[in-house]
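Student: One structure follows; several queries about it will come next.
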Amino acid sequence: MKKKLVAALLAATMTLGLLAGCGSSGDTSSSGDAASSGSSSEAGASGEVDTSKEVELVMYVISDRPAGQDIVDENINAILKEKLNCTLKINWIGWAEYAQKYPLLFSSGEEFDMAYCAGWLGFTSLAQRGAFMALDEMLPTYAPDNYAMQSESALQQATVNDKLYAVPTLLPTYTSYGSIYRGDIAAEAGITDTIDTFEEVEQFADYVVANHPEMEAIDQYSAGPELSLVWTRMNGLMDVDSNIRYLFCDPSEEHPTVKALYDLDGAVEFYQMCKNWSDKGYWSKSALADTDSQKTQNGKAAMRFHNIDSWSGLTVLHPEWDFQFGTMTSDVAHLPYTQDCMVISNTSKNPERALAFWNLVTTDQEVYDAFYYGVLGTSYELNDEGQFTVLDTDLYATSAMWAARTLDLNRNQAGVPESYDTIRAGWEETIKEGVGSEKFTGFVMDTSSISTEVAACTNARQQYGWPLELGYTEDVEASIEEYRTAMQAAGIDTVIEECQKQLDAYLAGLE
Amino acid sequence: MKKEGFLYEFKKNKALFAMAAPAFILVLVMSYFPMSGLVLAFKEYQYNLGVFGSPWNGLQNFGYLFNSGTGWLITRNTILYNLLNLITSQLLAVVIAIFITEIRAKYFKKVTQTVILLPYFIFWVVVGVFVFSIFNYETGLINTMISSLGGEKINFYMMPMAWPIIICAFNAWKWTGYNSVIYIAAVTGVDGEINEAAEIDGATIFQRIRYITLPSIRPTLVTMVLLQIGRILRGDFEMFYQIVGNNGQLFNATDVIDTYVFRSLITNPDIGMTAAATFYQSVLCFAIIMIVNTVVKKIDEDYALF
C-alpha cells in the first residue's frame, strides 16, 4: 500500500513538478504609490534633496559585468559620497539572460532604485503593467537641470497612460539606416561615390563575389535580415513601431495609411531583387542558421546594413579597412528618446536621491566621466580633442547605462572619423520639428489590446517573411501569397486596424 | 485487510515517515505551492498588483496559440517528435546496454561505454554549431564532399522533410549513452546463474537475450517509457532551438510548442501568455499520463506507476 502511495506521489511530482517554472511570488508592494505621493508633498520649494542620511542606490544595467568594475565603483563612490552622501551599486544582467531576467526584476518585488530601460526591453508594456514609479512631480523637483534640457517630444514619449515613467536620454539618436562597407574594397573596385543606392550596392557586391570569394558580400545572419528596413527607409516610409517592423506608413501624407510590408507599392519588385541577390550569392544560403554576428568585424563580410553607431564602432576597431557609411534613409528623424532611458522601480525607497544622482551625472562632466568612462589613466585616457580611448577593454570599456549620455557631456571615441559628426550634423539640419517622420517621434504604440495578434504575427513574419527577404524561394509571388495568408490567419488585419486607429488619434491630438 | 487510521499508521512507522518527510516537503514547496501561479494563465498580469491582484481576462491569453491555426500543428509536432525520440533513444539504449554487458574484454568495454556516454555532456549550443558546419550550403561538410565529387549541392535548409530525421538522430546520439546506463544496471542485475544454466543447455547468445535478458529488464523499460510519456508535450527547447534556429522554411516540420512560444513572445514578453502555454502543456500531459497509466494497469498492474 505504502509503496503505491510513494510511487503515486513520485509520479505526480514528475508530471506536475514541471509546472514549477510559472510560479513567481507576486506581492510587489504598493510602496511605489506611497513613496511617490509622500515625496511629492515633502518636496521643498528649493528642490534640494535631503542628504543627511547616507543611502546606497542600486542600479540595474544590461551587459556583462566588466572585470574592472570594482575600481570604477570605488572612484565614483568617493565623488558621490562627497556630493550627495550616497554610494552607487551597479548590478549587471548578462546578455545571455536578460530576456528572462529583466522582466522578473519588476515582478520579484526586489528593492532597487534605477534600471536601464529601452523600447527593446519593453518599456511601454512594463510601464502599462505598473513596473515603474511615476515621475511627473519628482523629476522637475529633484532633477531640475535634467528636466530643463528635456524636449517636449521626449517627455511625451516617456509618458504612458498620462504618467511620466522614465527619464529619456539627452543624446539624440536617428532613425537613419545605411550601408557600412569596406572602403578599401570599394577603392579596389573603383567605386568612388558613397554607396547609398541599391544599384551601387549591387555594383559593390558583384565585385566582392567575383574577387573576394573568402568573404560574403553582404552580412546576413540568424538575427534576421535588415533589407526591408533599408528599402522602406529609402522610400521615406516609417515603421509604425520598432516591435512591429512589418507595418509601415508614409509620414509625408496628411493622413498616412498603415500597410503591411508585402502590400507596399513595389514590394513584389523588392522581393524579386532580394531573390536575385541571393541567387547571385551575395549572402549565404544558410544565413538563418548562422549565429556569427560579427562577420563584418572579423573580415568575413564586406558590407552590412545598420546604423551610424555600428559604423563608428567598426572604424575604431579596424582603421586599416577604411569602413565607410552611406546613408540610405530619405527622411531622417530622431529615434524615440525612450530608445535609451532610465526608470525608477516602483520598489525604490530613495527615488529622490536617485533623481538627484541622475541630475548630477547628466550635467556634471567630472561625475559623468567617472560614471561612464571610469578612472582616468586606468580605464581610459583623453587626447587633446577630448576624445577618449579605452585603455584595456578586458578591464572596463564604458558604462552600460547608455541612457546617461548627453549631447554636451558625451565624448567621441578617438579614431572615429570626422564624418561621424558631419553626417549627423547634416541630419540634424534636415530634421524639421513636426514635419515628415519627425512628426511621429512622439508616437508610442500601445499593443496591450492586440498582444495576441502581435505575438502570432511576429511569429508568422519570422517563418515566412524572413526567408522571402533573403530570397530563399523558387517563386516570389507564390511565397508572398503564402506569407500574406499566414499573416492574415495570425490576425494582421486587427493589428493594422488598431495601429491605424492609434495613429489617427495621435495626429488628431497634434492639431 | 483491516483498515487502520492514519494516526495508527503514523505511530507504527514513525521512522519511515521521518525519512520520507524531506522529500515530501521538497515536493510540496517546489512543485505544489508554485502551482497556484497557474492562475496567471487567466490573468492580465500587472507588476504592481502581483499574481493574485491582477485582473482576470478569461481565455484571452490562450488566443495566440490557437487563433492562427498553429496550435494544432505545434501540438502534433511536439507529440510526434517525442514519440519518435522516445522509441529511438530507448530502443538504442537497450541494444547498447545488452551489447556492452556481453562484451568480455574489460578495457574495450569501459572505453566503449565512455565514448557512448560523452555526447551527453556536450551542450546543445555546441551541437547547434556542429549541425551548421555539417549541413550548411556553402561550407558544410556534406556539401563540400558532394561538390568535390562533382555532384549537385543540397540545400538542407530548404528541405523541411530532412529535419525530423536529423533532429531524431542527434537526439539519439546525445541521449542513448545516458539512458543505457540505467539499462546496463538492469541487465547486470540479471542472475548470472540463469544465463550459465541456459548456456550449458545449449542456448545461443540470441536465445539467451530473447528469453532471459529482455524479459528481466521489462519492468525497467516500462517505467522509463512511462516517465518519458509524462513529458510528451514538452519539446526539448534547447535542442530544437539550437538545431533549427531561425530558419522559417523549416518551421512547419520542426516547430514545437516551446519554440513557438519563445518566438512569439521574445519581442514582447508577457507572463500571462507564457503561463497559458505551460498550462495547456501541463493539462494535456496530465491527461495523457493518466490514460497511459490506466492502460498499463489494465494489462499488468505491477508495471503501472501508480
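In the C-alpha cells, chains take the letters A, B, ... in the order shown, each chain's residues start at 1, and ligands count up from 1 in the order shown.
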Check which residues of region 97-140 of chain A sit at most 9 Å from region 399-421 of chain A using only C-alpha atoms, and return one row each with the closest pair of atoms and their distance in Å to one decimal, ordered by chain and rising number, as a tab-separated table.
Tutor:
residue	atom	partner	partner_atom	distance
A:Ala115	CA	A:Met401	CA	8.3
A:Tyr116	CA	A:Met401	CA	6.0
A:Cys117	CA	A:Ala403	CA	8.1
A:Ala118	CA	A:Ala403	CA	8.8
Student: Name the residues in contact with Ala198 (chain B) at a cut-off of 10 Å, using only C-alpha atoms, excluding same-chain residues fewer than 5 positions from it; report them as a ChimeraX atom specification.
Tutor: /B:192-193,203-205,207-208,211-212
Student: Quick one: which residues from chain B are at most 8 Å off chain A, using only C-alpha atoms, as an MDAnalysis selection string?
Tutor: chainID B and resid 27 30:32 34:38 45:52 60:61 63:65 67:69 132 136:138 155 157:158 227 230:231 244:249 251 260 263:269 274:275 278:279 282 285:286 289 305:306
Student: I need the alpha helix (DSSP H) residues of region 376-472 of chain A per DSSP on the backbone, written as a PyMOL selection string.
Tutor: chain A and resi 419-430+451-460+466-469
Student: Kindly save the residues from that selection, with N, CA and C atoms included, as an mmCIF file, in the first residue's frame.
Tutor:
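The result, written out as part19.cif:
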data_model
loop_
_atom_site.group_PDB
_atom_site.id
_atom_site.type_symbol
_atom_site.label_atom_id
_atom_site.label_comp_id
_atom_site.auth_asym_id
_atom_site.auth_seq_id
_atom_site.Cartn_x
_atom_site.Cartn_y
_atom_site.Cartn_z
ATOM 1 N N SER A 419 33.751 62.488 -40.256
ATOM 2 C CA SER A 419 32.459 62.449 -40.941
ATOM 3 C C SER A 419 31.347 61.983 -40.008
ATOM 4 N N TYR A 420 31.702 61.300 -38.932
ATOM 5 C CA TYR A 420 30.681 60.883 -37.968
ATOM 6 C C TYR A 420 29.891 62.100 -37.484
ATOM 7 N N ASP A 421 30.625 63.150 -37.155
ATOM 8 C CA ASP A 421 29.950 64.357 -36.677
ATOM 9 C C ASP A 421 29.291 65.124 -37.811
ATOM 10 N N THR A 422 29.962 65.162 -38.976
ATOM 11 C CA THR A 422 29.389 65.953 -40.064
ATOM 12 C C THR A 422 28.116 65.299 -40.605
ATOM 13 N N ILE A 423 28.130 63.959 -40.703
ATOM 14 C CA ILE A 423 26.924 63.287 -41.200
ATOM 15 C C ILE A 423 25.762 63.570 -40.252
ATOM 16 N N ARG A 424 26.044 63.461 -38.963
ATOM 17 C CA ARG A 424 24.958 63.661 -38.006
ATOM 18 C C ARG A 424 24.485 65.120 -37.995
ATOM 19 N N ALA A 425 25.431 66.030 -38.155
ATOM 20 C CA ALA A 425 25.039 67.438 -38.207
ATOM 21 C C ALA A 425 24.164 67.683 -39.427
ATOM 22 N N GLY A 426 24.508 66.986 -40.528
ATOM 23 C CA GLY A 426 23.715 67.100 -41.747
ATOM 24 C C GLY A 426 22.281 66.644 -41.506
ATOM 25 N N TRP A 427 22.125 65.552 -40.789
ATOM 26 C CA TRP A 427 20.775 65.064 -40.489
ATOM 27 C C TRP A 427 20.030 66.068 -39.629
ATOM 28 N N GLU A 428 20.739 66.569 -38.644
ATOM 29 C CA GLU A 428 20.103 67.493 -37.707
ATOM 30 C C GLU A 428 19.539 68.693 -38.471
ATOM 31 N N GLU A 429 20.256 69.093 -39.556
ATOM 32 C CA GLU A 429 19.777 70.227 -40.345
ATOM 33 C C GLU A 429 18.493 69.905 -41.099
ATOM 34 N N THR A 430 18.421 68.657 -41.611
ATOM 35 C CA THR A 430 17.236 68.325 -42.424
ATOM 36 C C THR A 430 16.000 68.077 -41.565
ATOM 37 N N SER A 451 -2.151 42.139 -28.084
ATOM 38 C CA SER A 451 -0.917 41.377 -27.853
ATOM 39 C C SER A 451 -0.993 39.973 -28.450
ATOM 40 N N THR A 452 -2.181 39.377 -28.434
ATOM 41 C CA THR A 452 -2.344 38.043 -29.013
ATOM 42 C C THR A 452 -1.994 38.038 -30.491
ATOM 43 N N GLU A 453 -2.553 39.008 -31.221
ATOM 44 C CA GLU A 453 -2.328 39.057 -32.659
ATOM 45 C C GLU A 453 -0.877 39.419 -32.966
ATOM 46 N N VAL A 454 -0.317 40.336 -32.166
ATOM 47 C CA VAL A 454 1.070 40.733 -32.415
ATOM 48 C C VAL A 454 1.998 39.544 -32.233
ATOM 49 N N ALA A 455 1.746 38.753 -31.192
ATOM 50 C CA ALA A 455 2.581 37.570 -30.956
ATOM 51 C C ALA A 455 2.510 36.624 -32.144
ATOM 52 N N ALA A 456 1.309 36.376 -32.636
ATOM 53 C CA ALA A 456 1.162 35.450 -33.760
ATOM 54 C C ALA A 456 1.782 36.015 -35.038
ATOM 55 N N CYS A 457 1.649 37.335 -35.251
ATOM 56 C CA CYS A 457 2.221 37.945 -36.456
ATOM 57 C C CYS A 457 3.750 37.952 -36.413
ATOM 58 N N THR A 458 4.312 38.247 -35.225
ATOM 59 C CA THR A 458 5.763 38.233 -35.072
ATOM 60 C C THR A 458 6.299 36.892 -35.546
ATOM 61 N N ASN A 459 5.577 35.858 -35.142
ATOM 62 C CA ASN A 459 5.976 34.513 -35.493
ATOM 63 C C ASN A 459 5.834 34.249 -36.989
ATOM 64 N N ALA A 460 4.699 34.662 -37.558
ATOM 65 C CA ALA A 460 4.465 34.411 -38.990
ATOM 66 C C ALA A 460 5.479 35.174 -39.831
ATOM 67 N N TRP A 466 11.021 36.406 -43.286
ATOM 68 C CA TRP A 466 12.496 36.398 -43.338
ATOM 69 C C TRP A 466 13.039 35.605 -44.522
ATOM 70 N N PRO A 467 12.583 34.372 -44.732
ATOM 71 C CA PRO A 467 13.124 33.625 -45.879
ATOM 72 C C PRO A 467 12.882 34.359 -47.195
ATOM 73 N N LEU A 468 11.730 34.996 -47.298
ATOM 74 C CA LEU A 468 11.399 35.724 -48.516
ATOM 75 C C LEU A 468 12.366 36.889 -48.715
ATOM 76 N N GLU A 469 12.671 37.567 -47.625
ATOM 77 C CA GLU A 469 13.548 38.719 -47.694
ATOM 78 C C GLU A 469 14.992 38.315 -47.989
#
Student: Smallest atom-to-atom distance to Thr139 (chain B): which of A:Leu382, A:Leu227, A:Leu317, A:Met215, using only C-alpha atoms?
Tutor: A:Met215
Student: What is the CA of Ala267 (chain A) to CA of Phe262 (chain B) distance in Å?
Tutor: 28.9 Å
Student: How many Å separate CA of Thr254 (chain B) from CA of Leu91 (chain B)?
Tutor: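 Those two atoms sit 22.6 Å apart.
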Student: Using only C-alpha atoms, which of the listed residues (B:Thr75, B:Gln90, B:Thr294, B:Ser148) sits closest to Lys174 (chain B)?
Tutor: B:Gln90
Student: Excluding same-chain residues fewer than 2 positions from region 160-171 of chain B, what lies within 9 Å of it counting only C-alpha atoms, as a list in words?
Tutor: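 In the requested form, the answer reads Tyr81, Leu84, Asn85, Thr88, Ser89, Val127, Val131, Phe156, Tyr157, Met158, Trp173, Lys174, Trp175, Thr176, Met239, Phe240, Ile243, Val244, Gln249, Leu250, Phe251, Asn252, Ala253 and Thr254 of chain B.
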Student: Residues within 6 Å of region 164-174 of chain A, please, as a ChimeraX atom specification. Count only C-alpha atoms; anything in the same chain fewer than 6 positions from it doesn't count.
Tutor: /A:134-136,158,333-335,337-338,340-343,403,405-407
Student: May I ask which of the residues A:Arg65, A:Thr494, A:Ser479, A:Lys81 is the closest one to Trp95 (chain A), counting only C-alpha atoms?
Tutor: A:Arg65
Student: With only C-alpha atoms as the counted atoms, please give the residues lying no more than 10 Å from Asp250 (chain A), apart from itself and same-chain residues fewer than 5 positions off, as a list in words.
Tutor: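 Contacts, with the query itself left out: Thr232, Arg233, Asn235, Gly236, Leu237, Met238, Asp239, Val240, His255, Pro256, Thr257, Val258, Lys259, Gly436 and Ser437 of chain A.
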Student: So the first atom is CA of Asn146 (chain A) and the second is CA of Asp241 (chain A); what is the distance between them in Å, to one decimal place?
Tutor: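 For CA of Asn146 (chain A) relative to CA of Asp241 (chain A), the distance reads 26.9 Å.
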Student: As a list in words, please: all residues of region 246-375 of chain A that backbone DSSP puts in strand (DSSP E or B).
Tutor: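 Everything in region 246-375 of chain A that counts as strand (DSSP E or B) is Tyr246, Leu247, Phe248, Cys249, Lys259, Ala260, Ala301, Ala302, Met303, Arg304, Phe305, His306, Phe323, Gln324, Phe325, Gly326, Thr327, His334, Cys341, Met342, Val343, Ile344 and Ser345 of chain A.
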